[in-house]
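Undergrad: This one is query16.csv, CSV, C-alpha atoms.
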```csv
chain,number,residue,atom,x,y,z
A,705,MET,CA,89.3,152.8,-150.4
A,706,ILE,CA,86.6,150.2,-151.0
A,707,THR,CA,83.3,151.3,-149.3
A,708,ASN,CA,82.0,149.6,-146.1
A,709,GLU,CA,78.9,148.4,-148.0
A,710,SER,CA,81.1,146.7,-150.6
A,711,MET,CA,83.3,145.2,-147.9
A,712,ASP,CA,80.2,143.8,-146.2
A,713,LYS,CA,79.1,142.3,-149.5
A,714,LEU,CA,82.6,140.9,-150.1
A,715,PHE,CA,82.9,139.1,-146.7
A,716,HIS,CA,79.3,138.0,-146.8
A,717,ALA,CA,80.1,136.4,-150.2
A,718,LEU,CA,83.2,134.6,-148.8
A,719,ALA,CA,81.4,133.4,-145.6
A,720,HIS,CA,79.9,130.4,-147.4
A,721,GLU,CA,81.6,127.1,-148.1
A,722,ILE,CA,80.0,126.5,-151.6
A,723,ARG,CA,80.8,130.1,-152.7
A,724,ARG,CA,84.5,129.5,-151.6
A,725,SER,CA,84.5,126.3,-153.6
A,726,ILE,CA,83.1,128.0,-156.6
A,727,LEU,CA,86.1,130.5,-156.4
A,728,ASP,CA,88.5,127.5,-156.2
A,729,ILE,CA,87.0,125.8,-159.2
A,730,VAL,CA,86.8,129.0,-161.4
A,731,ARG,CA,90.4,129.9,-160.4
A,732,ASP,CA,91.6,126.5,-161.7
A,733,LYS,CA,89.4,126.6,-164.8
A,734,PRO,CA,89.1,130.2,-166.1
A,735,GLY,CA,86.2,130.6,-168.6
A,736,LEU,CA,84.3,127.6,-167.2
A,737,GLY,CA,80.6,127.6,-168.2
A,738,VAL,CA,77.8,127.8,-165.6
A,739,GLY,CA,76.5,124.4,-166.5
A,740,GLU,CA,79.9,122.7,-166.1
A,741,LEU,CA,80.3,124.5,-162.7
A,742,ALA,CA,76.9,123.3,-161.5
A,743,LYS,CA,78.0,119.6,-162.0
A,744,HIS,CA,80.5,120.0,-159.2
A,745,PHE,CA,77.8,120.6,-156.6
A,746,ASP,CA,75.1,118.5,-155.1
A,747,VAL,CA,72.6,121.4,-155.1
A,748,SER,CA,70.2,122.6,-157.8
A,749,ARG,CA,71.4,124.7,-160.7
A,750,ILE,CA,69.2,127.6,-159.4
A,751,ALA,CA,71.1,127.4,-156.1
A,752,VAL,CA,74.4,127.6,-157.9
A,753,MET,CA,73.1,130.6,-159.9
A,754,ASN,CA,72.1,132.3,-156.7
A,755,HIS,CA,75.6,131.8,-155.2
A,756,LEU,CA,77.1,133.1,-158.5
A,757,SER,CA,74.9,136.2,-158.2
A,758,VAL,CA,76.2,136.9,-154.6
A,759,LEU,CA,79.8,136.4,-155.9
A,760,SER,CA,79.3,138.7,-158.9
A,761,GLN,CA,77.8,141.5,-156.7
A,762,ALA,CA,80.9,141.2,-154.5
A,763,GLY,CA,83.1,141.6,-157.5
A,764,LEU,CA,84.7,138.2,-157.1
A,765,ILE,CA,83.3,136.6,-160.3
A,766,ILE,CA,83.2,138.3,-163.7
A,767,SER,CA,81.2,136.6,-166.4
A,768,GLY,CA,80.8,137.0,-170.2
A,769,LYS,CA,78.7,135.4,-172.8
A,770,GLU,CA,80.5,133.2,-175.3
A,771,GLY,CA,77.8,132.0,-177.8
A,772,ARG,CA,75.1,130.5,-175.6
A,773,THR,CA,77.4,129.8,-172.6
A,774,ARG,CA,78.0,132.2,-169.7
A,775,CYS,CA,81.7,131.9,-168.9
A,776,LEU,CA,83.1,132.6,-165.5
A,777,TYR,CA,86.3,134.2,-164.4
A,778,LEU,CA,87.8,134.9,-161.0
A,779,ASN,CA,88.5,138.5,-160.2
A,780,VAL,CA,91.2,138.6,-157.5
A,781,ALA,CA,91.2,142.4,-157.1
A,782,PRO,CA,89.0,142.4,-154.0
A,783,ILE,CA,91.3,139.8,-152.4
A,784,GLN,CA,94.3,142.0,-153.2
A,785,MET,CA,92.5,144.9,-151.5
A,786,ILE,CA,91.9,142.9,-148.4
A,787,TYR,CA,95.6,141.9,-148.3
A,788,ASP,CA,96.8,145.5,-149.0
A,789,ARG,CA,94.6,146.9,-146.2
A,790,TRP,CA,96.0,144.8,-143.4
A,791,THR,CA,99.5,143.8,-144.3
A,792,ASP,CA,102.7,145.6,-145.0
A,793,ASP,CA,106.1,144.4,-146.2
A,794,TYR,CA,107.2,143.5,-142.6
A,795,SER,CA,104.1,141.6,-141.7
A,796,ARG,CA,104.0,139.9,-145.1
A,797,TYR,CA,107.5,138.6,-144.6
A,798,TRP,CA,106.6,136.9,-141.3
A,799,ALA,CA,103.1,135.8,-142.4
A,800,GLU,CA,104.6,134.2,-145.5
A,801,ARG,CA,107.2,132.3,-143.4
A,802,MET,CA,104.7,131.2,-140.8
A,803,THR,CA,102.1,130.0,-143.3
A,804,SER,CA,104.7,128.2,-145.4
A,805,ILE,CA,105.8,126.3,-142.3
A,806,LYS,CA,102.1,125.5,-141.7
A,807,TYR,CA,101.6,124.3,-145.3
A,808,ASN,CA,104.7,122.1,-145.2
A,809,VAL,CA,103.7,120.5,-142.0
A,810,GLU,CA,100.2,119.8,-143.4
A,811,ASN,CA,101.6,118.4,-146.6
A,812,ALA,CA,104.0,116.1,-144.7
A,813,LEU,CA,101.1,114.9,-142.5
A,814,ASN,CA,98.9,114.3,-145.5
A,815,LYS,CA,101.6,112.3,-147.2
A,816,ARG,CA,102.1,110.2,-144.1
A,817,ASN,CA,98.3,109.6,-143.9
A,818,GLU,CA,98.2,108.5,-147.5
A,819,LYS,CA,100.7,105.7,-146.9
B,765,MET,CA,94.3,123.9,-145.3
B,766,ILE,CA,92.3,126.0,-142.9
B,767,THR,CA,89.0,124.2,-142.1
B,768,ASN,CA,85.7,125.4,-143.5
B,769,GLU,CA,84.4,126.2,-140.0
B,770,SER,CA,87.5,128.4,-139.3
B,771,MET,CA,86.9,130.1,-142.7
B,772,ASP,CA,83.3,130.8,-141.8
B,773,LYS,CA,84.4,132.3,-138.5
B,774,LEU,CA,87.1,134.4,-140.3
B,775,PHE,CA,84.7,135.9,-142.9
B,776,HIS,CA,81.9,136.4,-140.3
B,777,ALA,CA,84.5,138.3,-138.2
B,778,LEU,CA,85.5,140.5,-141.2
B,779,ALA,CA,81.9,141.2,-142.3
B,780,HIS,CA,81.4,144.0,-139.7
B,781,GLU,CA,82.5,147.6,-140.1
B,782,ILE,CA,83.5,148.1,-136.4
B,783,ARG,CA,85.5,144.8,-136.4
B,784,ARG,CA,87.4,145.9,-139.6
B,785,SER,CA,88.1,149.3,-137.9
B,786,ILE,CA,89.4,147.5,-134.9
B,787,LEU,CA,91.9,145.7,-137.1
B,788,ASP,CA,92.9,149.0,-138.7
B,789,ILE,CA,93.6,150.6,-135.3
B,790,VAL,CA,95.5,147.6,-133.9
B,791,ARG,CA,97.6,147.3,-137.1
B,792,ASP,CA,98.7,150.9,-136.6
B,793,LYS,CA,99.2,150.6,-132.8
B,794,PRO,CA,100.5,147.1,-131.9
B,795,GLY,CA,100.1,146.4,-128.2
B,796,LEU,CA,97.2,148.9,-127.7
B,797,GLY,CA,95.2,148.3,-124.5
B,798,VAL,CA,91.5,147.4,-124.7
B,799,GLY,CA,90.5,150.6,-122.8
B,800,GLU,CA,92.4,152.8,-125.3
B,801,LEU,CA,90.9,150.9,-128.2
B,802,ALA,CA,87.3,151.4,-126.8
B,803,LYS,CA,87.8,155.2,-126.8
B,804,HIS,CA,87.8,155.1,-130.6
B,805,PHE,CA,84.2,153.9,-130.8
B,806,ASP,CA,80.9,155.3,-130.0
B,807,VAL,CA,79.6,152.0,-128.5
B,808,SER,CA,79.9,150.5,-125.0
B,809,ARG,CA,83.1,148.9,-123.8
B,810,ILE,CA,81.2,145.6,-123.5
B,811,ALA,CA,80.2,145.9,-127.2
B,812,VAL,CA,83.9,146.4,-128.1
B,813,MET,CA,84.9,143.4,-125.9
B,814,ASN,CA,82.3,141.3,-127.8
B,815,HIS,CA,83.8,142.3,-131.2
B,816,LEU,CA,87.3,141.5,-129.8
B,817,SER,CA,86.1,138.1,-128.8
B,818,VAL,CA,84.8,137.4,-132.4
B,819,LEU,CA,88.1,138.6,-133.8
B,820,SER,CA,90.1,136.5,-131.4
B,821,GLN,CA,88.1,133.4,-132.2
B,822,ALA,CA,88.8,134.0,-135.9
B,823,GLY,CA,92.5,134.3,-135.1
B,824,LEU,CA,92.8,137.9,-136.3
B,825,ILE,CA,93.6,139.4,-132.9
B,826,ILE,CA,96.1,138.0,-130.4
B,827,SER,CA,96.2,139.4,-126.9
B,828,GLY,CA,98.5,139.2,-123.9
B,829,LYS,CA,98.4,140.6,-120.4
B,830,GLU,CA,100.9,143.2,-119.5
B,831,GLY,CA,100.4,144.1,-115.9
B,832,ARG,CA,96.7,144.9,-115.6
B,833,THR,CA,96.3,145.8,-119.3
B,834,ARG,CA,95.2,143.4,-122.0
B,835,CYS,CA,97.3,144.3,-125.0
B,836,LEU,CA,96.2,143.7,-128.5
B,837,TYR,CA,98.1,142.6,-131.6
B,838,LEU,CA,97.0,142.0,-135.2
B,839,ASN,CA,97.7,138.5,-136.6
B,840,VAL,CA,97.9,138.7,-140.4
B,841,ALA,CA,98.3,135.0,-140.9
B,842,PRO,CA,94.6,134.4,-141.7
B,843,ILE,CA,94.7,137.3,-144.2
B,844,GLN,CA,97.8,135.7,-145.8
B,845,MET,CA,96.0,132.4,-146.1
B,846,ILE,CA,93.0,134.0,-147.9
B,847,TYR,CA,95.5,135.7,-150.3
B,848,ASP,CA,97.4,132.4,-150.9
B,849,ARG,CA,94.3,130.5,-151.5
B,850,TRP,CA,93.0,132.5,-154.4
B,851,THR,CA,96.0,134.2,-156.0
B,852,ASP,CA,99.1,133.1,-157.8
B,853,ASP,CA,102.1,135.0,-159.1
B,854,TYR,CA,100.4,135.8,-162.4
B,855,SER,CA,97.1,137.1,-160.9
B,856,ARG,CA,99.0,139.0,-158.2
B,857,TYR,CA,101.0,140.8,-160.8
B,858,TRP,CA,97.9,142.1,-162.5
B,859,ALA,CA,95.9,142.6,-159.3
B,860,GLU,CA,98.7,144.7,-157.8
B,861,ARG,CA,98.9,146.8,-161.0
B,862,MET,CA,95.1,147.3,-161.2
B,863,THR,CA,94.7,148.1,-157.5
B,864,SER,CA,97.6,150.5,-157.5
B,865,ILE,CA,96.0,152.4,-160.4
B,866,LYS,CA,92.8,152.5,-158.4
B,867,TYR,CA,94.6,153.8,-155.3
B,868,ASN,CA,96.4,156.5,-157.3
B,869,VAL,CA,93.2,157.7,-158.8
B,870,GLU,CA,91.5,157.8,-155.4
B,871,ASN,CA,94.4,159.7,-153.8
B,872,ALA,CA,94.4,162.2,-156.7
B,873,LEU,CA,90.6,162.7,-156.3
B,874,ASN,CA,90.9,163.1,-152.5
B,875,LYS,CA,93.7,165.7,-152.9
B,876,ARG,CA,91.5,167.6,-155.3
B,877,ASN,CA,88.6,167.5,-153.0
B,878,GLU,CA,90.7,168.8,-150.1
B,879,LYS,CA,91.6,172.0,-152.0
```
For this file, write the structure as structure tokens.
TA:
Amino acid sequence: MITNESMDKLFHALAHEIRRSILDIVRDKPGLGVGELAKHFDVSRIAVMNHLSVLSQAGLIISGKEGRTRCLYLNVAPIQMIYDRWTDDYSRYWAERMTSIKYNVENALNKRNEK
Amino acid sequence: MITNESMDKLFHALAHEIRRSILDIVRDKPGLGVGELAKHFDVSRIAVMNHLSVLSQAGLIISGKEGRTRCLYLNVAPIQMIYDRWTDDYSRYWAERMTSIKYNVENALNKRNEK
């Protein structure tokens, strides 16, 4: 079991819009450099580095040096542990059905709004 | 997509040990009454009610009146949405394997410590 202190760090890390966006971007571009990442945000590079530090301490971002670039990778293991803690096969079946209806409705509404 | 404000509420709700324990208990005992739930904690009933209010606003707990009792149910849909946002089939495959190794090691260690 993940400790309560780690869980606090994890949810604190996820409770910020920019940090969630960082996870979205790194998921889509594994190995992205810090400089490239910072270009996505309208805040200072130092601010982005601070957010990355919070995400790393929560275990959500893993980074490695490649030459002079620090490359970023998403670690989904903590997300998997959240999911495992509160769902089982039965609740997953229903939650997947319910959320897929929600996503379909939202997609349909978005498409209608684009017209 | 879930709004940023709802996501903030969701992770704020999860970033507290007692609130996470409430979700564990209600997952194991669907339909549990508020009074019964409060007995699990060494805090006032009012404090438990406040935690329940935060969890309800985050969509994690759904409640319904049955007679004079307010009965509590876990809603895993927000957890499913967290999982869907940051994982895909490939990362799930690896995260499930890695976390299952972790759980097995922890179980083995716990059993050894019990002896």
Undergrad: Against chain A, which residues of chain B fall within 6 Å? For each one I want the closest pair of atoms and the distance in Å (one decimal), counting only C-alpha atoms, rows by chain and increasing residue number, as CSV.
TA:
```
residue,atom,partner,partner_atom,distance
B:Asp772,CA,A:Ala719,CA,5.0
B:Phe775,CA,A:Ala719,CA,4.9
B:Ala779,CA,A:Phe715,CA,5.0
B:Ala841,CA,A:Ala799,CA,5.1
B:Ala859,CA,A:Ala781,CA,5.2
```
Undergrad: Which residues, written as a PDB file with C-alpha atoms, in the coordinates of the input, have at least one atom at most 8 Å from region 736-738 of chain A, with only C-alpha atoms counted and residues fewer than 4 positions away on the same chain left out?
TA:
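Written out: around_27.pdb:
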```
ATOM      1  CA  VAL A 730      86.800 129.000-161.400  1.00  0.00           C
ATOM      2  CA  ALA A 742      76.900 123.300-161.500  1.00  0.00           C
ATOM      3  CA  MET A 753      73.100 130.600-159.900  1.00  0.00           C
ATOM      4  CA  THR A 773      77.400 129.800-172.600  1.00  0.00           C
ATOM      5  CA  ARG A 774      78.000 132.200-169.700  1.00  0.00           C
ATOM      6  CA  CYS A 775      81.700 131.900-168.900  1.00  0.00           C
ATOM      7  CA  LEU A 776      83.100 132.600-165.500  1.00  0.00           C
ATOM      8  CA  TYR A 777      86.300 134.200-164.400  1.00  0.00           C
TER       9      TYR A 777
END
```
Undergrad: Work out how far CA of Leu741 (chain A) is from CA of Ile729 (chain A), in Å to one decimal.
TA: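 CA of Ile729 (chain A) sits 7.7 Å away from CA of Leu741 (chain A).
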Undergrad: Using all atoms listed in the file, which of the listed residues (B:Arg876, B:Tyr854, B:Gly831, B:Arg783) sits closest to Leu816 (chain B)?
TA: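 When distances to Leu816 (chain B) are compared using all atoms listed in the file, the smallest one comes from B:Arg783.
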Undergrad: Identify which of the residues A:Ser767, A:Asn808, A:Asn814, A:Ser748 lies closest to Gly735 (chain A), counting only C-alpha atoms when measuring atom-to-atom distances.
TA: A:Ser767
Undergrad: What does the distance from CA of Ser760 (chain A) to CA of Ser725 (chain A) come to in Å, to one decimal?
TA: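 Value for the CA of Ser760 (chain A)-CA of Ser725 (chain A) distance: 14.5 Å.
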Undergrad: In Å, with one decimal, what is the gap from CA of Lys733 (chain A) to CA of Asp853 (chain B)?
TA: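 Value for the CA of Lys733 (chain A)-CA of Asp853 (chain B) distance: 16.3 Å.
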Undergrad: Any chance you could build region 832-848 of chain B out to N, CA, C and O atoms and write it as a CSV table (one decimal), in the frame of the given file?
TA:
```csv
chain,number,residue,atom,x,y,z
B,832,ARG,N,98.1,145.0,-115.7
B,832,ARG,CA,96.7,144.9,-115.6
B,832,ARG,C,96.0,145.2,-116.9
B,832,ARG,O,94.8,145.2,-117.1
B,833,THR,N,96.8,145.4,-118.0
B,833,THR,CA,96.3,145.8,-119.3
B,833,THR,C,96.3,144.6,-120.2
B,833,THR,O,97.3,143.9,-120.3
B,834,ARG,N,95.2,144.4,-120.9
B,834,ARG,CA,95.2,143.4,-122.0
B,834,ARG,C,95.6,144.1,-123.3
B,834,ARG,O,94.9,145.0,-123.7
B,835,CYS,N,96.8,143.7,-123.8
B,835,CYS,CA,97.3,144.3,-125.0
B,835,CYS,C,97.0,143.5,-126.3
B,835,CYS,O,97.0,142.3,-126.3
B,836,LEU,N,96.7,144.3,-127.3
B,836,LEU,CA,96.2,143.7,-128.5
B,836,LEU,C,97.1,143.7,-129.7
B,836,LEU,O,97.8,144.7,-129.9
B,837,TYR,N,97.2,142.6,-130.5
B,837,TYR,CA,98.1,142.6,-131.6
B,837,TYR,C,97.3,142.0,-132.8
B,837,TYR,O,96.5,141.1,-132.6
B,838,LEU,N,97.6,142.5,-134.0
B,838,LEU,CA,97.0,142.0,-135.2
B,838,LEU,C,97.7,140.7,-135.6
B,838,LEU,O,99.0,140.8,-135.6
B,839,ASN,N,97.0,139.7,-136.0
B,839,ASN,CA,97.7,138.5,-136.6
B,839,ASN,C,97.3,138.4,-138.0
B,839,ASN,O,96.1,138.2,-138.4
B,840,VAL,N,98.2,138.7,-138.9
B,840,VAL,CA,97.9,138.7,-140.4
B,840,VAL,C,97.9,137.4,-141.0
B,840,VAL,O,97.5,137.2,-142.2
B,841,ALA,N,98.2,136.3,-140.3
B,841,ALA,CA,98.3,135.0,-140.9
B,841,ALA,C,97.0,134.6,-141.6
B,841,ALA,O,97.1,134.1,-142.7
B,842,PRO,N,95.8,134.8,-141.0
B,842,PRO,CA,94.6,134.4,-141.7
B,842,PRO,C,94.4,135.1,-143.0
B,842,PRO,O,93.9,134.6,-144.0
B,843,ILE,N,94.8,136.4,-143.0
B,843,ILE,CA,94.7,137.3,-144.2
B,843,ILE,C,95.7,136.7,-145.3
B,843,ILE,O,95.3,136.6,-146.5
B,844,GLN,N,96.9,136.3,-144.9
B,844,GLN,CA,97.8,135.7,-145.8
B,844,GLN,C,97.2,134.4,-146.4
B,844,GLN,O,97.4,134.2,-147.6
B,845,MET,N,96.5,133.6,-145.6
B,845,MET,CA,96.0,132.4,-146.1
B,845,MET,C,94.8,132.6,-147.1
B,845,MET,O,94.7,131.9,-148.1
B,846,ILE,N,94.0,133.7,-146.9
B,846,ILE,CA,93.0,134.0,-147.9
B,846,ILE,C,93.7,134.4,-149.2
B,846,ILE,O,93.3,133.9,-150.3
B,847,TYR,N,94.8,135.2,-149.1
B,847,TYR,CA,95.5,135.7,-150.3
B,847,TYR,C,96.1,134.5,-151.0
B,847,TYR,O,96.0,134.4,-152.2
B,848,ASP,N,96.8,133.6,-150.2
B,848,ASP,CA,97.4,132.4,-150.9
B,848,ASP,C,96.4,131.5,-151.6
B,848,ASP,O,96.7,130.9,-152.6
```
